[in-house]
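Everything below concerns the one structure shown next.
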Amino acid sequence: MSMGEKCRADFPILRRIVHGHPLVFLDSAASSQKPVAVIEAIQRYYETNHANVHRSIHTLGEEATERYEAARDAVRAFIGAASRDEIIFTRGTTEGINLVAQAVGRTLGPGDEIIVTEMEHHSNLIPWQMACRDHGAVLRAIPVIGEGHLDLDAFGRLLSERTKVVALAHVSNVLGTINPVAQVVEQAHRVGALVLVDAAQSVPHLPVDVAAIGADFFAFSGHKMLGPTGIGVLYGRRAVLERLEPAWGGGEMIKEVWIDHAQWNDLPWRFEPGTPPIAEAIGLHAAVEYLGKLGMSPVAAHEQALTAAALEALAPIPGVTLYGPRNPEMKGAVVAFNVEGLHPHDGAALLDQHGIAVRAGHHCAQPLMKRLGIVGTLRASFSVYNTAEDVQRLAEAVAALRGEL
Amino acid sequence: MALYSNVIRDRFRRPRFRGTLERPDVAGEDVNPLCGDRVRIQGRLENGRLTEARWSGDCCAISAASADLLLEMMQGQPASLARELTTASLLERLDSDIRPSRMKCVALPLSVLQGALKMEATR
């Protein structure tokens, strides 16, 4: 039995019937579904342990704190971070990137430069545009070339002593391209620039070892990796976090407060003002355990096989254009495509009539769409619970699309 | 009610008012934030009447049908009629099961036309 067939039973939502058809869920890159283990962990927590974390001198408060902090340890181990102090809980990838853009932004001045790429999700572009606007820095972008790869020669030319930050996606949410982040880190560190990796599409699908890659920051979301919404993780290299001022103020991020000043708390709480998403962290812990049991290498192999099958099944369909690398070994579990004469939103609406959920549109990557000269694409994306049959049903429905409108 | 009625299919396949005008009297364009689609409308006015109008843009079947029906409804009519039209008037003619997520696709051509005619957009 394949991983997909085994996992399906753990995801109650996959029993849904949509427009008279069993659901084929191919939109996990936007948000994955949740296994029973995650749903039950959250319910159990609210039924037995909930109270506010930290400084609660009572049993429930201590239990909640213990479980919240245990989630941090689980995430640390899952991504290979050296210390729990490097794991900051956020609301999601977007908040993690904004945190870094604000905290690092304050250290920028006129003439400094930030390098992004043409394939970034808006969440790893707009915060940097805002930081540049606020601090007089200049934004530069690594072009996308060929089937959807970064122009690393151009990156070499963009990189200089003026570069303070390089921010890039580990895996493109549209093209699926797996970017050579370790190489980018090595080059960027040579000029003293910090590197932020948008890991929203990598941590849920590939083995990721943050220490081995060496980037200063990794941001990712719980809800794309079988966990709940409202929780994300910002990994920050300890040496870098220690010299950054907190992005935001509030309770919990302080040690001692006077009316006109305060002393910051230790890492990681210095970057976690306010009551954190406790139940969500506990749900994420269950998700990390679920993925850990499957093993991220088998997960990556399973999803790569589905990606390969989808590329093979879609490519020969008349009128279908595929975007991104054609070699499944060079991409994550997303396949973007268009059907000639059909707007992606019409395509997605018609596929939905067959019970097939795909994403359609610009995927929050408008500069990439402009680069490709299109308004948007359809996008099928895979997770642990998808099967070869899902790919087959997609291909059959796509083949029939042009006759439907 | 079908997701895409015969009205939408027909207008999408064979639009009557798709195209551009040379030296139009009025013109407008806007973007659908849902998808980034751009709809442009150009028109000629004579004595306050919209004597000729064309729409253009790479857009979905719903926006295309909505734009085409809108310009048909406005053909030869006083420009002031555009002020009285609402999304509901278009929905009635589209005869389809339009989901809330696609309502902007219906509304966009109307707001573009109203903008071109310097009117405030209705809903």
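In the structure tokens, the first chain shown is A, the next is B, and so on; residue numbers restart at 1 for each chain, and ligands run from 1 in the order shown.
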
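Using only C-alpha atoms, we find that the part of chain B lying within 10 Å of chain A comprises Leu3, Tyr4, Ser5, Asn6, Ile8, Arg9, Asp10, Phe12, Arg13, Leu34, Cys35, Gly36, Asp37, Arg38, Asp58, Cys59, Cys60, Ala61, Ile62, Arg99 and Arg102 of chain B.
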
For the selection just defined, write its residues with N, CA and C atoms to a file, as a PDB file, in the first residue's frame.
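The result, written out as out_12.pdb:
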ATOM      1  N   LEU B   3     -23.501  26.049 -13.204  1.00  0.00           N
ATOM      2  CA  LEU B   3     -22.355  26.873 -12.840  1.00  0.00           C
ATOM      3  C   LEU B   3     -22.053  27.850 -13.977  1.00  0.00           C
ATOM      4  N   TYR B   4     -22.078  27.329 -15.201  1.00  0.00           N
ATOM      5  CA  TYR B   4     -21.904  28.185 -16.382  1.00  0.00           C
ATOM      6  C   TYR B   4     -23.107  27.944 -17.300  1.00  0.00           C
ATOM      7  N   SER B   5     -23.998  28.920 -17.357  1.00  0.00           N
ATOM      8  CA  SER B   5     -25.208  28.787 -18.181  1.00  0.00           C
ATOM      9  C   SER B   5     -24.837  28.860 -19.661  1.00  0.00           C
ATOM     10  N   ASN B   6     -25.824  28.550 -20.500  1.00  0.00           N
ATOM     11  CA  ASN B   6     -25.602  28.675 -21.941  1.00  0.00           C
ATOM     12  C   ASN B   6     -25.315  30.120 -22.323  1.00  0.00           C
ATOM     13  N   ILE B   8     -23.524  32.282 -20.590  1.00  0.00           N
ATOM     14  CA  ILE B   8     -22.094  32.523 -20.366  1.00  0.00           C
ATOM     15  C   ILE B   8     -21.258  31.814 -21.430  1.00  0.00           C
ATOM     16  N   ARG B   9     -21.588  30.554 -21.689  1.00  0.00           N
ATOM     17  CA  ARG B   9     -20.824  29.804 -22.701  1.00  0.00           C
ATOM     18  C   ARG B   9     -20.848  30.521 -24.045  1.00  0.00           C
ATOM     19  N   ASP B  10     -22.046  30.966 -24.424  1.00  0.00           N
ATOM     20  CA  ASP B  10     -22.222  31.604 -25.725  1.00  0.00           C
ATOM     21  C   ASP B  10     -21.452  32.928 -25.812  1.00  0.00           C
ATOM     22  N   PHE B  12     -18.942  33.818 -23.997  1.00  0.00           N
ATOM     23  CA  PHE B  12     -17.506  33.558 -23.876  1.00  0.00           C
ATOM     24  C   PHE B  12     -16.944  33.114 -25.226  1.00  0.00           C
ATOM     25  N   ARG B  13     -17.688  32.243 -25.906  1.00  0.00           N
ATOM     26  CA  ARG B  13     -17.189  31.728 -27.196  1.00  0.00           C
ATOM     27  C   ARG B  13     -17.340  32.760 -28.315  1.00  0.00           C
ATOM     28  N   LEU B  34      -9.140  39.689  -7.129  1.00  0.00           N
ATOM     29  CA  LEU B  34      -9.154  38.232  -6.967  1.00  0.00           C
ATOM     30  C   LEU B  34      -8.104  37.576  -7.853  1.00  0.00           C
ATOM     31  N   CYS B  35      -7.999  38.056  -9.093  1.00  0.00           N
ATOM     32  CA  CYS B  35      -7.185  37.328 -10.060  1.00  0.00           C
ATOM     33  C   CYS B  35      -6.193  38.216 -10.797  1.00  0.00           C
ATOM     34  N   GLY B  36      -6.299  39.534 -10.639  1.00  0.00           N
ATOM     35  CA  GLY B  36      -5.403  40.421 -11.370  1.00  0.00           C
ATOM     36  C   GLY B  36      -5.855  40.671 -12.801  1.00  0.00           C
ATOM     37  N   ASP B  37      -7.037  40.158 -13.144  1.00  0.00           N
ATOM     38  CA  ASP B  37      -7.549  40.382 -14.503  1.00  0.00           C
ATOM     39  C   ASP B  37      -7.858  41.861 -14.713  1.00  0.00           C
ATOM     40  N   ARG B  38      -7.610  42.303 -15.950  1.00  0.00           N
ATOM     41  CA  ARG B  38      -7.844  43.704 -16.277  1.00  0.00           C
ATOM     42  C   ARG B  38      -8.965  43.777 -17.309  1.00  0.00           C
ATOM     43  N   ASP B  58      -7.925  40.119 -20.933  1.00  0.00           N
ATOM     44  CA  ASP B  58      -7.859  38.664 -20.760  1.00  0.00           C
ATOM     45  C   ASP B  58      -8.569  38.341 -19.468  1.00  0.00           C
ATOM     46  N   CYS B  59      -9.798  37.907 -19.559  1.00  0.00           N
ATOM     47  CA  CYS B  59     -10.513  37.666 -18.318  1.00  0.00           C
ATOM     48  C   CYS B  59     -11.290  36.360 -18.386  1.00  0.00           C
ATOM     49  N   CYS B  60     -11.848  35.988 -17.266  1.00  0.00           N
ATOM     50  CA  CYS B  60     -12.561  34.715 -17.172  1.00  0.00           C
ATOM     51  C   CYS B  60     -13.886  34.793 -17.923  1.00  0.00           C
ATOM     52  N   ALA B  61     -14.522  33.633 -18.074  1.00  0.00           N
ATOM     53  CA  ALA B  61     -15.773  33.549 -18.833  1.00  0.00           C
ATOM     54  C   ALA B  61     -16.869  34.397 -18.191  1.00  0.00           C
ATOM     55  N   ILE B  62     -16.853  34.468 -16.854  1.00  0.00           N
ATOM     56  CA  ILE B  62     -17.909  35.228 -16.164  1.00  0.00           C
ATOM     57  C   ILE B  62     -17.753  36.725 -16.427  1.00  0.00           C
ATOM     58  N   ARG B  99     -20.968  32.051  -7.514  1.00  0.00           N
ATOM     59  CA  ARG B  99     -20.582  31.958  -6.101  1.00  0.00           C
ATOM     60  C   ARG B  99     -20.107  33.321  -5.603  1.00  0.00           C
ATOM     61  N   ARG B 102     -16.903  34.688  -6.895  1.00  0.00           N
ATOM     62  CA  ARG B 102     -16.811  35.155  -8.288  1.00  0.00           C
ATOM     63  C   ARG B 102     -17.675  36.394  -8.531  1.00  0.00           C
TER      64      ARG B 102
END

Legend entry - Non-local contacts of stretch 65-81 of chain B (10 Å; only C-alpha atoms; under 2 positions in same chain excluded) as a PyMOL selection string: chain B and resi 7-18+39-41+43-56+59-63+83-85+87+89-91+93-94+105-110+112-114+117+119

Take the residues that were just selected and, keeping C-alpha atoms, output them as a CSV table (one decimal), in the first residue's frame.
chain,number,residue,atom,x,y,z
B,7,VAL,CA,-25.6,32.5,-21.8
B,8,ILE,CA,-22.1,32.5,-20.4
B,9,ARG,CA,-20.8,29.8,-22.7
B,10,ASP,CA,-22.2,31.6,-25.7
B,11,ARG,CA,-20.9,35.0,-24.8
B,12,PHE,CA,-17.5,33.6,-23.9
B,13,ARG,CA,-17.2,31.7,-27.2
B,14,ARG,CA,-18.7,34.4,-29.4
B,15,PRO,CA,-18.6,37.8,-27.7
B,16,ARG,CA,-20.5,40.5,-29.7
B,17,PHE,CA,-18.8,43.6,-28.2
B,18,ARG,CA,-15.2,42.5,-27.7
B,39,VAL,CA,-11.0,44.8,-18.0
B,40,ARG,CA,-11.0,47.8,-20.4
B,41,ILE,CA,-14.1,49.5,-21.8
B,43,GLY,CA,-17.2,54.1,-25.8
B,44,ARG,CA,-18.5,56.7,-28.1
B,45,LEU,CA,-21.1,59.2,-26.9
B,46,GLU,CA,-23.5,61.2,-29.1
B,47,ASN,CA,-26.0,63.5,-27.4
B,48,GLY,CA,-25.5,61.7,-24.1
B,49,ARG,CA,-26.1,58.3,-25.6
B,50,LEU,CA,-23.6,55.4,-25.8
B,51,THR,CA,-23.7,54.8,-29.5
B,52,GLU,CA,-20.8,52.3,-29.6
B,53,ALA,CA,-18.8,50.5,-27.0
B,54,ARG,CA,-16.2,47.7,-26.8
B,55,TRP,CA,-14.6,45.8,-24.0
B,56,SER,CA,-11.2,44.1,-24.0
B,59,CYS,CA,-10.5,37.7,-18.3
B,60,CYS,CA,-12.6,34.7,-17.2
B,61,ALA,CA,-15.8,33.5,-18.8
B,62,ILE,CA,-17.9,35.2,-16.2
B,63,SER,CA,-16.3,38.7,-16.6
B,83,ARG,CA,-26.0,54.6,-13.1
B,84,GLU,CA,-29.2,52.6,-12.6
B,85,LEU,CA,-27.6,49.2,-13.4
B,87,THR,CA,-24.8,43.6,-10.3
B,89,SER,CA,-29.3,43.3,-13.3
B,90,LEU,CA,-26.3,41.4,-14.7
B,91,LEU,CA,-26.8,38.4,-12.6
B,93,ARG,CA,-29.2,37.8,-17.4
B,94,LEU,CA,-26.2,35.6,-16.7
B,105,CYS,CA,-16.1,39.0,-11.9
B,106,VAL,CA,-19.7,40.0,-12.6
B,107,ALA,CA,-19.3,43.4,-11.0
B,108,LEU,CA,-16.0,44.5,-12.5
B,109,PRO,CA,-17.2,45.5,-16.1
B,110,LEU,CA,-20.0,47.6,-14.6
B,112,VAL,CA,-15.3,50.0,-15.2
B,113,LEU,CA,-18.1,51.4,-17.4
B,114,GLN,CA,-19.4,53.6,-14.5
B,117,LEU,CA,-18.6,57.6,-17.5
B,119,MET,CA,-20.1,57.9,-12.2

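Within stretch 44-149 of chain A, DSSP run on the backbone puts these residues in strand (DSSP E): Ile87, Ile88, Phe89, Thr90, Glu113, Ile114, Ile115, Val116, Thr117, Val138, Leu139, Arg140, Ala141, Ile142, Val144, Ile145 and His149 of chain A.
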
Would you output that residue set with C-alpha atoms, as a PDB file, in the first residue's frame?
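Output saved as selection.pdb:
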ATOM      1  CA  ILE A  87      12.563  28.648  17.644  1.00  0.00           C
ATOM      2  CA  ILE A  88      10.121  31.568  17.747  1.00  0.00           C
ATOM      3  CA  PHE A  89       6.413  30.824  17.445  1.00  0.00           C
ATOM      4  CA  THR A  90       4.526  33.202  15.146  1.00  0.00           C
ATOM      5  CA  GLU A 113      20.433  46.814  -0.422  1.00  0.00           C
ATOM      6  CA  ILE A 114      18.086  43.882  -0.034  1.00  0.00           C
ATOM      7  CA  ILE A 115      17.993  41.113  -2.620  1.00  0.00           C
ATOM      8  CA  VAL A 116      14.841  39.072  -3.271  1.00  0.00           C
ATOM      9  CA  THR A 117      13.912  36.967  -6.307  1.00  0.00           C
ATOM     10  CA  VAL A 138      17.145  49.596  -2.272  1.00  0.00           C
ATOM     11  CA  LEU A 139      15.360  46.416  -3.338  1.00  0.00           C
ATOM     12  CA  ARG A 140      16.919  44.222  -6.028  1.00  0.00           C
ATOM     13  CA  ALA A 141      15.645  40.972  -7.523  1.00  0.00           C
ATOM     14  CA  ILE A 142      17.359  37.867  -8.870  1.00  0.00           C
ATOM     15  CA  VAL A 144      14.055  33.856 -13.090  1.00  0.00           C
ATOM     16  CA  ILE A 145      15.399  32.161 -16.217  1.00  0.00           C
ATOM     17  CA  HIS A 149      15.468  28.731 -12.140  1.00  0.00           C
TER      18      HIS A 149
END

Legend entry - Neighbour list for stretch 125-136 of chain A as number ranges by chain, cut-off 6 Å, only C-alpha atoms, skip fewer than 4 positions in-chain: A: 98, 101, 105, 108-110

Atoms kept (C-alpha atoms) for selection, written as a PDB file, in the first residue's frame:
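Listed below is the output, out-v6.pdb:
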ATOM      1  CA  ASN A  98       7.480  40.660   8.786  1.00  0.00           C
ATOM      2  CA  ALA A 101      11.885  42.694   8.019  1.00  0.00           C
ATOM      3  CA  GLY A 105      14.917  46.825   8.835  1.00  0.00           C
ATOM      4  CA  LEU A 108      19.255  49.487   7.511  1.00  0.00           C
ATOM      5  CA  GLY A 109      20.156  52.864   6.127  1.00  0.00           C
ATOM      6  CA  PRO A 110      20.224  54.711   2.798  1.00  0.00           C
TER       7      PRO A 110
END

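Distance check against A:Asp352 using only C-alpha atoms: of A:Glu147, A:Leu368, A:Ser123, A:Arg393, the minimum falls on A:Arg393.
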
Inset, instruction - Name the residues in contact with stretch 318-329 of chain A at a cut-off of 8 Å, using only C-alpha atoms, excluding same-chain residues fewer than 4 positions from it; report them as a PyMOL selection string. - result: chain A and resi 147-149+174-177+304-305+307-308+311+314+335-340+399

Okay, now the selection with C-alpha atoms, as a JSON list (two decimals), in the first residue's frame?
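Below is the file that was written, result-v1.json:
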[["chain", "number", "residue", "atom", "x", "y", "z"],
["A", 147, "GLU", "CA", 12.26, 26.60, -16.97],
["A", 148, "GLY", "CA", 12.05, 28.61, -13.76],
["A", 149, "HIS", "CA", 15.47, 28.73, -12.14],
["A", 174, "VAL", "CA", 4.18, 28.20, -8.27],
["A", 175, "LEU", "CA", 7.07, 26.70, -10.22],
["A", 176, "GLY", "CA", 8.01, 24.21, -7.55],
["A", 177, "THR", "CA", 11.67, 25.01, -8.16],
["A", 304, "GLN", "CA", 7.97, 13.40, -5.95],
["A", 305, "ALA", "CA", 6.42, 10.25, -7.46],
["A", 307, "THR", "CA", 4.60, 15.10, -9.12],
["A", 308, "ALA", "CA", 6.32, 12.97, -11.75],
["A", 311, "LEU", "CA", 3.76, 16.00, -15.14],
["A", 314, "LEU", "CA", -0.75, 16.43, -18.03],
["A", 335, "VAL", "CA", 2.46, 21.41, -10.71],
["A", 336, "ALA", "CA", 1.32, 24.69, -12.28],
["A", 337, "PHE", "CA", -0.39, 24.57, -15.65],
["A", 338, "ASN", "CA", -2.81, 26.30, -17.97],
["A", 339, "VAL", "CA", -5.34, 25.05, -20.49],
["A", 340, "GLU", "CA", -5.43, 27.02, -23.73],
["A", 399, "ALA", "CA", -8.41, 16.46, -20.60]]

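Here atom CA of A:Ala51 and atom CA of A:Gly250 stand 18.9 Å from one another.
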
Sel. of helix (DSSP H, G or I) residues, stretch 347-382 of chain A, as a PDB file with N, CA and C atoms, in the first residue's frame:
ATOM      1  N   GLY A 347     -11.250  27.240 -15.082  1.00  0.00           N
ATOM      2  CA  GLY A 347     -10.749  25.862 -15.016  1.00  0.00           C
ATOM      3  C   GLY A 347     -10.953  25.278 -13.623  1.00  0.00           C
ATOM      4  N   ALA A 348     -10.607  26.065 -12.595  1.00  0.00           N
ATOM      5  CA  ALA A 348     -10.741  25.569 -11.215  1.00  0.00           C
ATOM      6  C   ALA A 348     -12.203  25.355 -10.847  1.00  0.00           C
ATOM      7  N   ALA A 349     -13.077  26.262 -11.331  1.00  0.00           N
ATOM      8  CA  ALA A 349     -14.504  26.118 -11.025  1.00  0.00           C
ATOM      9  C   ALA A 349     -15.063  24.853 -11.680  1.00  0.00           C
ATOM     10  N   LEU A 350     -14.611  24.557 -12.898  1.00  0.00           N
ATOM     11  CA  LEU A 350     -15.087  23.354 -13.594  1.00  0.00           C
ATOM     12  C   LEU A 350     -14.534  22.085 -12.939  1.00  0.00           C
ATOM     13  N   LEU A 351     -13.258  22.123 -12.520  1.00  0.00           N
ATOM     14  CA  LEU A 351     -12.678  20.952 -11.840  1.00  0.00           C
ATOM     15  C   LEU A 351     -13.399  20.703 -10.509  1.00  0.00           C
ATOM     16  N   ASP A 352     -13.793  21.792  -9.846  1.00  0.00           N
ATOM     17  CA  ASP A 352     -14.525  21.665  -8.578  1.00  0.00           C
ATOM     18  C   ASP A 352     -15.838  20.899  -8.780  1.00  0.00           C
ATOM     19  N   GLN A 366       2.543  37.860  -8.198  1.00  0.00           N
ATOM     20  CA  GLN A 366       2.266  38.636  -9.415  1.00  0.00           C
ATOM     21  C   GLN A 366       3.515  38.996 -10.216  1.00  0.00           C
ATOM     22  N   PRO A 367       4.648  39.355  -9.540  1.00  0.00           N
ATOM     23  CA  PRO A 367       5.833  39.626 -10.375  1.00  0.00           C
ATOM     24  C   PRO A 367       6.243  38.412 -11.212  1.00  0.00           C
ATOM     25  N   LEU A 368       6.083  37.203 -10.664  1.00  0.00           N
ATOM     26  CA  LEU A 368       6.412  35.997 -11.435  1.00  0.00           C
ATOM     27  C   LEU A 368       5.431  35.826 -12.597  1.00  0.00           C
ATOM     28  N   MET A 369       4.144  36.102 -12.357  1.00  0.00           N
ATOM     29  CA  MET A 369       3.147  36.005 -13.429  1.00  0.00           C
ATOM     30  C   MET A 369       3.500  36.983 -14.551  1.00  0.00           C
ATOM     31  N   LYS A 370       3.920  38.198 -14.165  1.00  0.00           N
ATOM     32  CA  LYS A 370       4.298  39.198 -15.166  1.00  0.00           C
ATOM     33  C   LYS A 370       5.513  38.691 -15.941  1.00  0.00           C
ATOM     34  N   ARG A 371       6.447  38.070 -15.234  1.00  0.00           N
ATOM     35  CA  ARG A 371       7.658  37.520 -15.862  1.00  0.00           C
ATOM     36  C   ARG A 371       7.280  36.429 -16.871  1.00  0.00           C
ATOM     37  N   LEU A 372       6.264  35.614 -16.510  1.00  0.00           N
ATOM     38  CA  LEU A 372       5.833  34.525 -17.387  1.00  0.00           C
ATOM     39  C   LEU A 372       4.864  35.022 -18.463  1.00  0.00           C
TER      40      LEU A 372
END

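Residues surrounding A:Phe218 within 10 Å are A:Ile79, A:Ile87, A:Thr93, A:Gly96, A:Ile97, A:Ala167, A:Leu168, A:Ala169, A:His170, A:Val195, A:Leu196, A:Val197, A:Asp198, A:Ala199, A:Ala200, A:Val203, A:Val210, A:Val233, A:Leu234, A:Tyr235, A:Gly236, A:Arg237 [only C-alpha atoms; sequence separation below 6 positions excluded].
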
Atoms kept (C-alpha atoms) for selection, written as a PDB file, in the first residue's frame:
ATOM      1  CA  ILE A  79      14.307  21.094  11.583  1.00  0.00           C
ATOM      2  CA  ILE A  87      12.563  28.648  17.644  1.00  0.00           C
ATOM      3  CA  THR A  93       5.218  32.444   7.579  1.00  0.00           C
ATOM      4  CA  GLY A  96       7.788  35.538  10.685  1.00  0.00           C
ATOM      5  CA  ILE A  97       9.034  37.390   7.603  1.00  0.00           C
ATOM      6  CA  ALA A 167      15.439  36.790   1.105  1.00  0.00           C
ATOM      7  CA  LEU A 168      14.339  33.871  -1.041  1.00  0.00           C
ATOM      8  CA  ALA A 169      11.944  30.957  -1.224  1.00  0.00           C
ATOM      9  CA  HIS A 170      13.344  27.503  -0.561  1.00  0.00           C
ATOM     10  CA  VAL A 195      19.771  35.278   4.571  1.00  0.00           C
ATOM     11  CA  LEU A 196      16.077  34.618   5.175  1.00  0.00           C
ATOM     12  CA  VAL A 197      14.618  31.465   3.657  1.00  0.00           C
ATOM     13  CA  ASP A 198      10.865  31.336   3.070  1.00  0.00           C
ATOM     14  CA  ALA A 199      10.443  27.676   3.934  1.00  0.00           C
ATOM     15  CA  ALA A 200       6.632  27.585   3.703  1.00  0.00           C
ATOM     16  CA  VAL A 203       9.539  22.207   5.566  1.00  0.00           C
ATOM     17  CA  VAL A 210      18.498  24.437   9.085  1.00  0.00           C
ATOM     18  CA  VAL A 233       7.690  29.166  13.179  1.00  0.00           C
ATOM     19  CA  LEU A 234      10.528  31.579  12.733  1.00  0.00           C
ATOM     20  CA  TYR A 235      13.898  29.956  13.157  1.00  0.00           C
ATOM     21  CA  GLY A 236      16.636  32.492  13.812  1.00  0.00           C
ATOM     22  CA  ARG A 237      20.312  31.753  14.207  1.00  0.00           C
TER      23      ARG A 237
END

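For A:Met253, the list of residues within 7 Å, based on only C-alpha atoms and with local chain neighbours fewer than 6 positions off taken out, reads A:Trp264, A:Asn265, A:Trp269, A:Arg270, A:Phe271, A:Glu272, A:Pro273.
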
So that I have them on file, write out the residues from the current selection with C-alpha atoms, as an mmCIF file, in the first residue's frame.
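The result, written out as part-v2.cif:
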data_model
loop_
_atom_site.group_PDB
_atom_site.id
_atom_site.type_symbol
_atom_site.label_atom_id
_atom_site.label_comp_id
_atom_site.auth_asym_id
_atom_site.auth_seq_id
_atom_site.Cartn_x
_atom_site.Cartn_y
_atom_site.Cartn_z
ATOM 1 C CA TRP A 264 14.063 42.473 27.281
ATOM 2 C CA ASN A 265 13.386 38.864 28.100
ATOM 3 C CA TRP A 269 10.381 34.847 24.378
ATOM 4 C CA ARG A 270 11.881 38.246 23.547
ATOM 5 C CA PHE A 271 10.244 37.865 20.130
ATOM 6 C CA GLU A 272 6.905 36.454 21.368
ATOM 7 C CA PRO A 273 4.901 39.355 22.889
#

For A:Met225, find every residue with an atom within 10 Å (counting only C-alpha atoms), except residues of its own chain fewer than 3 positions away, and show them as an mmCIF file with C-alpha atoms, in the first residue's frame.
data_model
loop_
_atom_site.group_PDB
_atom_site.id
_atom_site.type_symbol
_atom_site.label_atom_id
_atom_site.label_comp_id
_atom_site.auth_asym_id
_atom_site.auth_seq_id
_atom_site.Cartn_x
_atom_site.Cartn_y
_atom_site.Cartn_z
ATOM 1 C CA SER A 28 -2.200 21.413 0.042
ATOM 2 C CA ALA A 29 0.384 24.027 -0.946
ATOM 3 C CA SER A 31 -3.236 24.733 3.219
ATOM 4 C CA SER A 32 -3.014 21.051 4.046
ATOM 5 C CA GLN A 33 -5.692 18.942 5.684
ATOM 6 C CA LYS A 34 -5.368 17.752 9.278
ATOM 7 C CA ALA A 200 6.632 27.585 3.703
ATOM 8 C CA GLN A 201 6.793 25.112 0.797
ATOM 9 C CA SER A 202 9.857 23.137 1.888
ATOM 10 C CA VAL A 203 9.539 22.207 5.566
ATOM 11 C CA PRO A 204 6.153 20.472 4.995
ATOM 12 C CA HIS A 205 7.505 18.385 2.115
ATOM 13 C CA PHE A 220 7.238 28.493 7.804
ATOM 14 C CA SER A 221 3.573 27.847 8.656
ATOM 15 C CA GLY A 222 1.906 25.140 10.696
ATOM 16 C CA PRO A 228 -3.582 24.118 12.577
ATOM 17 C CA THR A 229 -3.883 27.649 11.215
ATOM 18 C CA LEU A 284 1.661 21.679 15.460
ATOM 19 C CA ALA A 287 1.649 17.370 13.178
ATOM 20 C CA VAL A 288 5.425 17.295 13.538
ATOM 21 C CA TYR A 290 2.916 12.604 12.506
ATOM 22 C CA LEU A 291 5.376 13.713 9.808
ATOM 23 C CA SER A 383 0.679 15.999 0.342
ATOM 24 C CA VAL A 384 1.134 12.733 2.204
#
